[in-house]
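A quick write-up on the structure given underneath.
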Amino acid sequence: MNISHENVDAINAVINVALAPEDYNPQVDKEIKAQAKKAKLPGFRPGQVPVGHIRRTYGKSILFDEINKLVNDRITNYISENKLEVLGQPLPLEDDAQYSWDYKDNFNFKYEIGLAPAFELPFTAETEFAVYDIKADQETLADRIKNLRRSYGKMTNPEVSEEGDVLYATLKQDKEEGLEKTTSIRTDIVEDAKSRNL
(Lines give C-alpha, C1' and ligand atoms only; values in the text may rest on other atoms or scores of the structure.)
Protein backbone atom coordinates (compact mmCIF):
# COMPACT_ATOMS: atom_id res chain seq x y z
CA MET A 1 0.00 0.00 0.00
CA ASN A 2 1.19 3.46 -0.88
CA ILE A 3 -0.35 6.49 0.81
CA SER A 4 0.70 10.08 0.37
CA HIS A 5 -0.75 13.56 0.32
CA GLU A 6 -0.20 16.72 -1.66
CA ASN A 7 -1.23 20.22 -0.66
CA VAL A 8 -3.55 21.97 -3.10
CA ASP A 9 -3.29 25.29 -1.27
CA ALA A 10 -2.84 26.54 2.30
CA ILE A 11 -6.07 24.94 3.54
CA ASN A 12 -6.76 22.05 1.13
CA ALA A 13 -4.94 18.81 0.41
CA VAL A 14 -5.55 15.50 -1.36
CA ILE A 15 -4.65 12.12 0.13
CA ASN A 16 -3.79 9.42 -2.42
CA VAL A 17 -4.23 5.78 -1.41
CA ALA A 18 -2.91 3.10 -3.77
CA LEU A 19 -3.85 -0.54 -3.04
CA ALA A 20 -2.39 -3.64 -4.65
CA PRO A 21 -4.06 -7.11 -4.39
CA GLU A 22 -1.55 -8.22 -1.74
CA ASP A 23 -2.69 -5.33 0.48
CA TYR A 24 -6.34 -6.34 0.71
CA ASN A 25 -6.61 -10.04 -0.24
CA PRO A 26 -5.45 -11.41 3.17
CA GLN A 27 -8.23 -9.50 4.98
CA VAL A 28 -10.79 -10.46 2.33
CA ASP A 29 -9.86 -14.18 2.52
CA LYS A 30 -10.02 -14.07 6.32
CA GLU A 31 -13.48 -12.47 6.27
CA ILE A 32 -14.79 -14.91 3.65
CA LYS A 33 -13.66 -17.86 5.83
CA ALA A 34 -15.26 -16.27 8.89
CA GLN A 35 -18.53 -15.81 6.98
CA ALA A 36 -18.42 -19.43 5.79
CA LYS A 37 -18.26 -20.60 9.42
CA LYS A 38 -21.17 -18.38 10.47
CA ALA A 39 -23.42 -18.71 7.41
CA LYS A 40 -26.76 -20.52 7.56
CA LEU A 41 -27.82 -21.17 3.99
CA PRO A 42 -30.42 -23.58 2.62
CA GLY A 43 -28.84 -26.84 1.49
CA PHE A 44 -25.84 -26.58 3.84
CA ARG A 45 -25.33 -27.51 7.44
CA PRO A 46 -24.75 -24.48 9.71
CA GLY A 47 -21.07 -23.55 9.63
CA GLN A 48 -20.35 -25.95 6.77
CA VAL A 49 -20.92 -23.64 3.80
CA PRO A 50 -17.99 -23.98 1.33
CA VAL A 51 -15.68 -20.99 1.15
CA GLY A 52 -15.97 -21.00 -2.68
CA HIS A 53 -19.76 -20.64 -2.43
CA ILE A 54 -19.44 -17.65 -0.09
CA ARG A 55 -16.82 -16.12 -2.41
CA ARG A 56 -19.11 -16.51 -5.46
CA THR A 57 -22.25 -15.31 -3.65
CA TYR A 58 -21.02 -12.56 -1.33
CA GLY A 59 -17.40 -12.08 -2.38
CA LYS A 60 -17.71 -8.69 -4.07
CA SER A 61 -19.64 -7.13 -1.20
CA ILE A 62 -17.09 -8.54 1.30
CA LEU A 63 -14.27 -7.24 -0.91
CA PHE A 64 -15.90 -3.80 -1.03
CA ASP A 65 -16.42 -3.69 2.76
CA GLU A 66 -12.88 -4.82 3.56
CA ILE A 67 -11.30 -2.31 1.17
CA ASN A 68 -13.46 0.42 2.66
CA LYS A 69 -12.36 -0.52 6.20
CA LEU A 70 -8.71 -0.79 5.17
CA VAL A 71 -8.67 2.59 3.41
CA ASN A 72 -10.44 4.34 6.31
CA ASP A 73 -8.05 2.84 8.88
CA ARG A 74 -4.96 3.73 6.84
CA ILE A 75 -6.13 7.30 6.21
CA THR A 76 -6.84 7.79 9.93
CA ASN A 77 -3.40 6.43 10.84
CA TYR A 78 -1.71 8.50 8.14
CA ILE A 79 -3.33 11.71 9.39
CA SER A 80 -2.30 10.87 12.96
CA GLU A 81 1.29 9.84 12.11
CA ASN A 82 1.90 12.93 9.96
CA LYS A 83 0.22 15.20 12.51
CA LEU A 84 -2.03 16.78 9.89
CA GLU A 85 -4.41 19.33 11.42
CA VAL A 86 -7.57 18.26 9.59
CA LEU A 87 -10.91 20.04 9.73
CA GLY A 88 -13.84 17.64 9.35
CA GLN A 89 -13.64 14.23 7.66
CA PRO A 90 -11.80 13.24 4.47
CA LEU A 91 -14.17 13.32 1.49
CA PRO A 92 -13.72 10.95 -1.45
CA LEU A 93 -13.11 12.64 -4.77
CA GLU A 94 -14.99 11.46 -7.83
CA ASP A 95 -12.85 9.25 -10.02
CA ASP A 96 -13.38 8.07 -13.60
CA ALA A 97 -11.43 4.84 -12.97
CA GLN A 98 -13.40 1.63 -13.59
CA TYR A 99 -12.69 -1.40 -11.41
CA SER A 100 -13.83 -4.97 -12.03
CA TRP A 101 -13.69 -5.85 -8.30
CA ASP A 102 -12.24 -9.30 -8.99
CA TYR A 103 -9.53 -9.58 -6.27
CA LYS A 104 -6.80 -8.59 -8.76
CA ASP A 105 -7.44 -4.89 -9.21
CA ASN A 106 -4.98 -2.19 -8.29
CA PHE A 107 -7.06 0.52 -6.63
CA ASN A 108 -6.24 4.20 -6.42
CA PHE A 109 -8.46 6.36 -4.21
CA LYS A 110 -8.25 10.10 -3.65
CA TYR A 111 -9.64 11.91 -0.62
CA GLU A 112 -9.94 15.64 -0.15
CA ILE A 113 -9.10 17.03 3.29
CA GLY A 114 -9.40 20.50 4.77
CA LEU A 115 -6.37 21.70 6.69
CA ALA A 116 -6.51 24.04 9.66
CA PRO A 117 -4.93 27.32 8.57
CA ALA A 118 -1.59 28.14 10.18
CA PHE A 119 -1.55 31.30 12.25
CA GLU A 120 0.52 32.89 14.95
CA LEU A 121 -0.82 34.46 18.12
CA PRO A 122 0.50 38.00 18.48
CA PHE A 123 1.02 37.51 22.22
CA THR A 124 4.06 36.77 24.35
CA ALA A 125 4.55 35.94 28.02
CA GLU A 126 5.05 39.67 28.63
CA THR A 127 1.82 40.79 26.92
CA GLU A 128 -0.50 42.59 29.33
CA PHE A 129 -4.28 42.35 29.19
CA ALA A 130 -6.96 44.46 30.82
CA VAL A 131 -9.13 42.55 33.28
CA TYR A 132 -12.62 43.89 33.78
CA ASP A 133 -14.57 43.26 36.97
CA ILE A 134 -18.16 43.40 35.77
CA LYS A 135 -20.90 43.50 38.37
CA ALA A 136 -24.58 43.30 37.47
CA ASP A 137 -26.75 45.83 39.26
CA GLN A 138 -29.88 44.72 41.10
CA GLU A 139 -32.21 46.08 38.42
CA THR A 140 -30.49 44.01 35.69
CA LEU A 141 -30.59 40.86 37.84
CA ALA A 142 -34.26 41.37 38.71
CA ASP A 143 -35.11 41.92 35.03
CA ARG A 144 -33.22 38.75 34.01
CA ILE A 145 -34.94 36.66 36.71
CA LYS A 146 -38.31 38.02 35.60
CA ASN A 147 -37.61 37.04 31.98
CA LEU A 148 -36.49 33.54 33.01
CA ARG A 149 -39.65 33.05 35.06
CA ARG A 150 -41.75 34.24 32.15
CA SER A 151 -39.95 31.92 29.70
CA TYR A 152 -39.77 28.78 31.86
CA GLY A 153 -42.55 29.30 34.39
CA LYS A 154 -45.75 27.31 34.75
CA MET A 155 -48.41 28.06 32.14
CA THR A 156 -52.01 28.62 33.28
CA ASN A 157 -55.21 29.54 31.47
CA PRO A 158 -57.10 32.05 33.65
CA GLU A 159 -60.37 33.61 32.51
CA VAL A 160 -59.05 37.18 32.84
CA SER A 161 -55.56 38.38 31.98
CA GLU A 162 -53.54 40.71 34.15
CA GLU A 163 -50.86 43.26 33.42
CA GLY A 164 -47.55 41.60 32.57
CA ASP A 165 -49.12 38.34 31.31
CA VAL A 166 -48.12 36.66 28.08
CA LEU A 167 -51.19 36.03 25.97
CA TYR A 168 -51.44 33.18 23.47
CA ALA A 169 -53.91 34.00 20.76
CA THR A 170 -54.88 33.47 17.18
CA LEU A 171 -54.66 36.76 15.35
CA LYS A 172 -56.79 37.10 12.26
CA GLN A 173 -56.79 39.92 9.75
CA ASP A 174 -60.15 41.68 9.53
CA LYS A 175 -60.91 40.46 6.00
CA GLU A 176 -62.76 37.53 4.51
CA GLU A 177 -59.53 35.91 3.25
CA GLY A 178 -57.25 37.59 5.81
CA LEU A 179 -54.03 36.25 7.24
CA GLU A 180 -54.23 34.13 10.39
CA LYS A 181 -51.41 33.50 12.86
CA THR A 182 -51.22 31.83 16.28
CA THR A 183 -48.63 33.56 18.41
CA SER A 184 -47.83 34.96 21.84
CA ILE A 185 -48.06 38.59 22.90
CA ARG A 186 -46.22 40.08 25.87
CA THR A 187 -48.53 42.69 27.36
CA ASP A 188 -45.66 44.48 29.10
CA ILE A 189 -44.13 45.56 25.78
CA VAL A 190 -47.37 46.85 24.23
CA GLU A 191 -46.82 50.61 24.33
CA ASP A 192 -50.31 51.79 23.39
CA ALA A 193 -52.30 51.90 26.65
CA LYS A 194 -55.67 51.54 24.89
CA SER A 195 -54.54 48.34 23.09
CA ARG A 196 -52.98 47.00 26.29
CA ASN A 197 -56.20 47.53 28.26
CA LEU A 198 -58.20 45.62 25.64
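Ordering of the C-alpha coordinates sets the chain letters (A, B, ...); residue numbers start at 1 within each chain; ligands are numbered from 1 in the order shown.
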*If you run DSSP on the backbone, which residues of stretch 4-178 of chain A are helix (DSSP H, G or I), as a PyMOL selection string?*
chain A and resi 21-38+51-81+138-152
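For stretch 25-42 of chain A, the non-local neighbours within 7 Å, defined as residues at least 2 positions apart in the same chain or in other chains and counting only C-alpha atoms, are Pro21, Glu22, Asp23, Phe44, Pro46, Gly47, Gln48, Val49, Pro50, Val51, Ile54, Arg55, Ile62, Leu63, Glu66 and Tyr103 of chain A.
Excluding A:Asn12 itself and same-chain residues fewer than 6 positions from it, the residues having an atom within 10 Å of it are A:Glu6, A:Val86, A:Leu87, A:Glu112, A:Ile113, A:Gly114, A:Leu115, A:Ala116, A:Pro117, counting only C-alpha atoms.
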*Shell around A:Ala20 at 12 Å using only C-alpha atoms, local window under 4 positions removed, as number ranges by chain*: A: 1-3, 24-26, 67, 71, 103-109
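Pairwise distance (atom CA of A:Leu70, atom CA of A:Val8) equals 24.8 Å.
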Hey, could you make a per-residue contact list for stretch 65-169 of chain A against stretch 174-182 of chain A with 12 Å as the cut-off, showing the nearest pair of atoms and its distance in Å to one decimal, counting only C-alpha atoms, sorted by chain and number, as a Markdown table?
```
| residue | atom | partner | partner_atom | distance |
| --- | --- | --- | --- | --- |
| A:Leu167 | CA | A:Thr182 | CA | 10.6 |
| A:Tyr168 | CA | A:Thr182 | CA | 7.3 |
| A:Ala169 | CA | A:Thr182 | CA | 5.7 |
```
_All strand (DSSP E) positions in chain A, as a ChimeraX atom specification_ = /A:2-7,12-19,86-92,107-115,166-172,180-186
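For the pair atom CA of A:Thr57 and atom CA of A:Asp96, the interatomic distance is 26.9 Å.
Residue nearest A:Glu81 within the list A:Val160, A:Ser4, A:Arg144, A:Glu120: A:Ser4 [criterion: smallest interatomic distance, only C-alpha atoms].
Note that the spacing between atom CA of A:Phe119 and atom CA of A:Pro90 amounts to 22.2 Å.
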